[in-house]
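Below is one structure; the comments refer to it alone.
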Amino acid sequence: GRFSRIIPSSRHTMYKMLAPVRWDECKLFVEYGHGVGTICRPVLDRLRRDGQLIVIDTNPLFIDYLRATILDSRFVAVLGSAADVEDIVAAHGHDHADYVISGLPFSTLPDGVGPAIAAATHRVLRTGGAFLVYQFTPRARDFMAKHFARIDSGLEWVNVPPAFLYLGWKDAAREG
C-alpha cells in the first residue's frame, strides 16, 4: 500500500538497475520517488565530477531529509511532480536528461498521472538515453510501451517483494 515506496530496494537490485548506464556520457541523472535515498548514493558514486543528480519528490519530508543528509555539490533535491520533469530540468540549466530512474508505484498513482509522467520522461530524455523503472507490479510496462519502442525487462528475486525492472530506451528511430 502507501508504505511500499518506503521499503528500501535491495542493493543487488540497485546494481542491476544501474549496470546498463554509460556513466562517461551521463551529465544529468534524474530520479523520481527516491524515498530515503537508497539510489542516490550509488548514483553519486558513479556519476562524473561535472554531472548532476536531480531527485524529484512530492513529499517535503523526504526532500528535507535528503537535503540534510546528502552533502554533494552535484546533488539537487526538488519538491515537485515528476510530470513536471521538463520544467525542472530546464530550470537547472539542462536541455535534456541522460537517464531517469523511477520507483514510483505507477499502478497506485491518481488517474492520468502515470501516463503524463511516462510522456514527459520520454520527451525530456536525449536520444540514446533510458528510463529505468523498478516496480512491484508489471503494470508500469503498459505506461512505458506507448512511448518506448524498446524495453528490456527482468525480474529481481533478491528483492522483497520481487521487483520488476524495466529499461525503456529512447531510440533515434522513434523520433519525430
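For the C-alpha cells, the naming scheme is as follows: chains receive sequential letters (A, B, ...) according to their order of presentation, residues are indexed from 1 within each chain, and ligands are indexed from 1 in presentation order.
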Closest-contact table, segment 18-120 of chain A side, partner segment 127-132 of chain A, 7 Å, counting only C-alpha atoms, as a Markdown table:
```
| residue | atom | partner | partner_atom | distance |
| --- | --- | --- | --- | --- |
| A:Asp98 | CA | A:Gly129 | CA | 4.9 |
| A:Tyr99 | CA | A:Ala130 | CA | 5.1 |
| A:Val100 | CA | A:Phe131 | CA | 4.9 |
| A:Ile101 | CA | A:Leu132 | CA | 4.5 |
| A:Ser102 | CA | A:Leu132 | CA | 6.3 |
```
Take the residues that were just selected and, keeping C-alpha atoms, output them as a compact mmCIF listing (two decimals), in the first residue's frame.
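Okay, this is what ended up in again.txt:
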```txt
# COMPACT_ATOMS: atom_id res chain seq x y z
CA ASP A 98 20.59 11.28 -19.97
CA TYR A 99 18.86 8.81 -17.66
CA VAL A 100 15.76 8.87 -15.50
CA ILE A 101 15.13 6.27 -12.77
CA SER A 102 11.79 5.74 -11.08
```
So which residues of chain A fall under alpha helix (DSSP H) by DSSP, listed as a PyMOL selection string? chain A and resi 11-18+40-46+60-69+85-91+113-124+140-145
Can you write just those residues out, N, CA and C atoms, as a compact mmCIF listing (two decimals), in the first residue's frame?
```txt
# COMPACT_ATOMS: atom_id res chain seq x y z
N ARG A 11 20.29 -3.78 -2.38
CA ARG A 11 21.49 -3.26 -3.04
C ARG A 11 21.71 -3.99 -4.36
N HIS A 12 21.38 -5.27 -4.37
CA HIS A 12 21.55 -6.08 -5.58
C HIS A 12 20.70 -5.53 -6.72
N THR A 13 19.44 -5.15 -6.38
CA THR A 13 18.55 -4.58 -7.37
C THR A 13 19.13 -3.28 -7.93
N MET A 14 19.67 -2.45 -7.04
CA MET A 14 20.25 -1.18 -7.47
C MET A 14 21.39 -1.39 -8.45
N TYR A 15 22.29 -2.32 -8.12
CA TYR A 15 23.43 -2.57 -9.00
C TYR A 15 22.96 -3.06 -10.36
N LYS A 16 21.94 -3.92 -10.37
CA LYS A 16 21.43 -4.45 -11.62
C LYS A 16 20.80 -3.34 -12.46
N MET A 17 20.07 -2.44 -11.79
CA MET A 17 19.43 -1.33 -12.48
C MET A 17 20.45 -0.38 -13.11
N LEU A 18 21.53 -0.14 -12.38
CA LEU A 18 22.49 0.87 -12.83
C LEU A 18 23.54 0.33 -13.79
N CYS A 40 20.40 7.27 -4.49
CA CYS A 40 21.22 8.47 -4.64
C CYS A 40 22.70 8.19 -4.47
N ARG A 41 23.05 7.43 -3.43
CA ARG A 41 24.47 7.21 -3.15
C ARG A 41 25.17 6.39 -4.24
N PRO A 42 24.60 5.24 -4.66
CA PRO A 42 25.26 4.52 -5.75
C PRO A 42 25.37 5.35 -7.03
N VAL A 43 24.38 6.21 -7.30
CA VAL A 43 24.46 7.06 -8.49
C VAL A 43 25.60 8.07 -8.33
N LEU A 44 25.66 8.72 -7.19
CA LEU A 44 26.71 9.72 -6.96
C LEU A 44 28.10 9.09 -6.96
N ASP A 45 28.19 7.83 -6.51
CA ASP A 45 29.47 7.12 -6.53
C ASP A 45 29.99 6.96 -7.96
N ARG A 46 29.06 6.83 -8.92
CA ARG A 46 29.42 6.54 -10.31
C ARG A 46 29.42 7.77 -11.21
N PRO A 60 7.56 16.65 1.12
CA PRO A 60 8.56 17.58 1.66
C PRO A 60 9.46 16.94 2.73
N LEU A 61 8.94 15.92 3.44
CA LEU A 61 9.77 15.28 4.47
C LEU A 61 10.96 14.56 3.84
N PHE A 62 10.71 13.87 2.72
CA PHE A 62 11.81 13.18 2.02
C PHE A 62 12.82 14.20 1.50
N ILE A 63 12.31 15.30 0.93
CA ILE A 63 13.19 16.34 0.37
C ILE A 63 14.08 16.92 1.48
N ASP A 64 13.47 17.27 2.62
CA ASP A 64 14.23 17.82 3.75
C ASP A 64 15.28 16.84 4.24
N TYR A 65 14.89 15.56 4.33
CA TYR A 65 15.81 14.53 4.80
C TYR A 65 17.02 14.42 3.87
N LEU A 66 16.75 14.38 2.57
CA LEU A 66 17.85 14.24 1.61
C LEU A 66 18.77 15.45 1.60
N ARG A 67 18.16 16.65 1.68
CA ARG A 67 18.98 17.87 1.70
C ARG A 67 19.88 17.90 2.93
N ALA A 68 19.40 17.31 4.02
CA ALA A 68 20.18 17.31 5.26
C ALA A 68 21.25 16.23 5.28
N THR A 69 21.05 15.15 4.53
CA THR A 69 21.96 14.00 4.64
C THR A 69 22.89 13.81 3.45
N VAL A 85 8.88 17.20 -15.01
CA VAL A 85 10.33 16.99 -15.15
C VAL A 85 10.96 17.91 -16.19
N GLU A 86 10.25 18.21 -17.27
CA GLU A 86 10.84 19.08 -18.31
C GLU A 86 11.17 20.46 -17.76
N ASP A 87 10.22 21.05 -17.03
CA ASP A 87 10.44 22.38 -16.45
C ASP A 87 11.56 22.34 -15.41
N ILE A 88 11.59 21.28 -14.61
CA ILE A 88 12.59 21.16 -13.55
C ILE A 88 13.99 21.02 -14.15
N VAL A 89 14.11 20.20 -15.18
CA VAL A 89 15.41 20.02 -15.85
C VAL A 89 15.89 21.34 -16.47
N ALA A 90 14.96 22.04 -17.14
CA ALA A 90 15.31 23.32 -17.77
C ALA A 90 15.70 24.36 -16.73
N ALA A 91 14.99 24.37 -15.59
CA ALA A 91 15.27 25.34 -14.53
C ALA A 91 16.68 25.16 -13.95
N VAL A 113 -1.89 10.47 -14.09
CA VAL A 113 -0.55 10.88 -13.66
C VAL A 113 0.54 9.97 -14.24
N GLY A 114 0.28 8.67 -14.21
CA GLY A 114 1.26 7.73 -14.76
C GLY A 114 1.55 7.98 -16.23
N PRO A 115 0.51 8.06 -17.08
CA PRO A 115 0.73 8.37 -18.49
C PRO A 115 1.43 9.71 -18.70
N ALA A 116 1.08 10.73 -17.90
CA ALA A 116 1.70 12.05 -18.04
C ALA A 116 3.20 11.97 -17.73
N ILE A 117 3.54 11.19 -16.69
CA ILE A 117 4.95 11.05 -16.31
C ILE A 117 5.72 10.31 -17.40
N ALA A 118 5.14 9.24 -17.93
CA ALA A 118 5.80 8.47 -18.98
C ALA A 118 6.06 9.33 -20.22
N ALA A 119 5.06 10.13 -20.60
CA ALA A 119 5.19 11.00 -21.77
C ALA A 119 6.24 12.08 -21.55
N ALA A 120 6.19 12.74 -20.38
CA ALA A 120 7.15 13.81 -20.08
C ALA A 120 8.57 13.25 -20.00
N THR A 121 8.70 12.04 -19.46
CA THR A 121 10.02 11.42 -19.34
C THR A 121 10.59 11.13 -20.72
N HIS A 122 9.76 10.62 -21.62
CA HIS A 122 10.23 10.34 -22.98
C HIS A 122 10.70 11.63 -23.65
N ARG A 123 9.94 12.72 -23.45
CA ARG A 123 10.32 14.00 -24.08
C ARG A 123 11.62 14.56 -23.51
N VAL A 124 11.83 14.40 -22.21
CA VAL A 124 12.99 15.03 -21.58
C VAL A 124 14.29 14.25 -21.82
N ALA A 140 3.72 -1.09 -14.86
CA ALA A 140 4.48 0.07 -15.33
C ALA A 140 4.84 -0.07 -16.80
N ARG A 141 5.01 -1.31 -17.24
CA ARG A 141 5.40 -1.53 -18.63
C ARG A 141 4.35 -0.97 -19.59
N ASP A 142 3.07 -1.06 -19.20
CA ASP A 142 1.98 -0.54 -20.04
C ASP A 142 2.12 0.97 -20.25
N PHE A 143 2.51 1.68 -19.19
CA PHE A 143 2.68 3.13 -19.29
C PHE A 143 3.87 3.47 -20.20
N MET A 144 4.90 2.65 -20.13
CA MET A 144 6.12 2.91 -20.90
C MET A 144 5.97 2.56 -22.37
N ALA A 145 5.21 1.48 -22.65
CA ALA A 145 5.14 0.93 -24.01
C ALA A 145 4.60 1.91 -25.05
```
Using atom CA of Gly51 of chain A and atom CA of Gly93 of chain A as the two end points, give the distance in Å to one decimal.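 Straight-line distance from atom CA of Gly51 of chain A to atom CA of Gly93 of chain A works out to 12.1 Å.
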Contacts of Pro138 of chain A within 12 Å, only C-alpha atoms, excl. fewer than 4 positions in-chain, as a list in words: Pro105, Phe106, Ser107, Val133, Tyr134, Asp142, Phe143, Met144, Ala145, Ser153, Gly154, Leu155, Pro162, Ala163, Phe164, Leu165 and Tyr166 of chain A
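Taking only C-alpha atoms into account, Ile56 of chain A lies nearest to A:Gly103 out of the set A:Gly103, A:Gly112, A:Arg74, A:Arg22.
With only C-alpha atoms as the basis for measurement, A:Asp152 is the residue among A:Asp84, A:Asp152, A:Asp57, A:Glu31 that approaches Leu167 of chain A most closely.
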When you draw a straight line from atom CA of Val76 of chain A to atom CA of Thr137 of chain A, how long is it in Å? 28.9 Å
Any idea what the distance is between atom CA of Tyr32 of chain A and atom CA of Ala82 of chain A?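 Pair atom CA of Tyr32 of chain A / atom CA of Ala82 of chain A returns 6.2 Å.
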According to DSSP computed on the backbone, where in segment 64-123 of chain A is there strand (DSSP E or B)? Give the residues as a PDB file with C-alpha atoms, in the first residue's frame.
```pdb
ATOM      1  CA  PHE A  75      23.029  16.663  -5.838  1.00  0.00           C
ATOM      2  CA  VAL A  76      19.780  18.662  -6.042  1.00  0.00           C
ATOM      3  CA  ALA A  77      16.504  17.705  -4.326  1.00  0.00           C
ATOM      4  CA  VAL A  78      13.382  19.267  -5.837  1.00  0.00           C
ATOM      5  CA  LEU A  79       9.934  19.328  -4.258  1.00  0.00           C
ATOM      6  CA  ALA A  97      18.318  14.217 -19.127  1.00  0.00           C
ATOM      7  CA  ASP A  98      20.586  11.284 -19.974  1.00  0.00           C
ATOM      8  CA  TYR A  99      18.858   8.814 -17.658  1.00  0.00           C
ATOM      9  CA  VAL A 100      15.758   8.865 -15.496  1.00  0.00           C
ATOM     10  CA  ILE A 101      15.135   6.269 -12.773  1.00  0.00           C
ATOM     11  CA  SER A 102      11.788   5.739 -11.076  1.00  0.00           C
TER      12      SER A 102
END
```
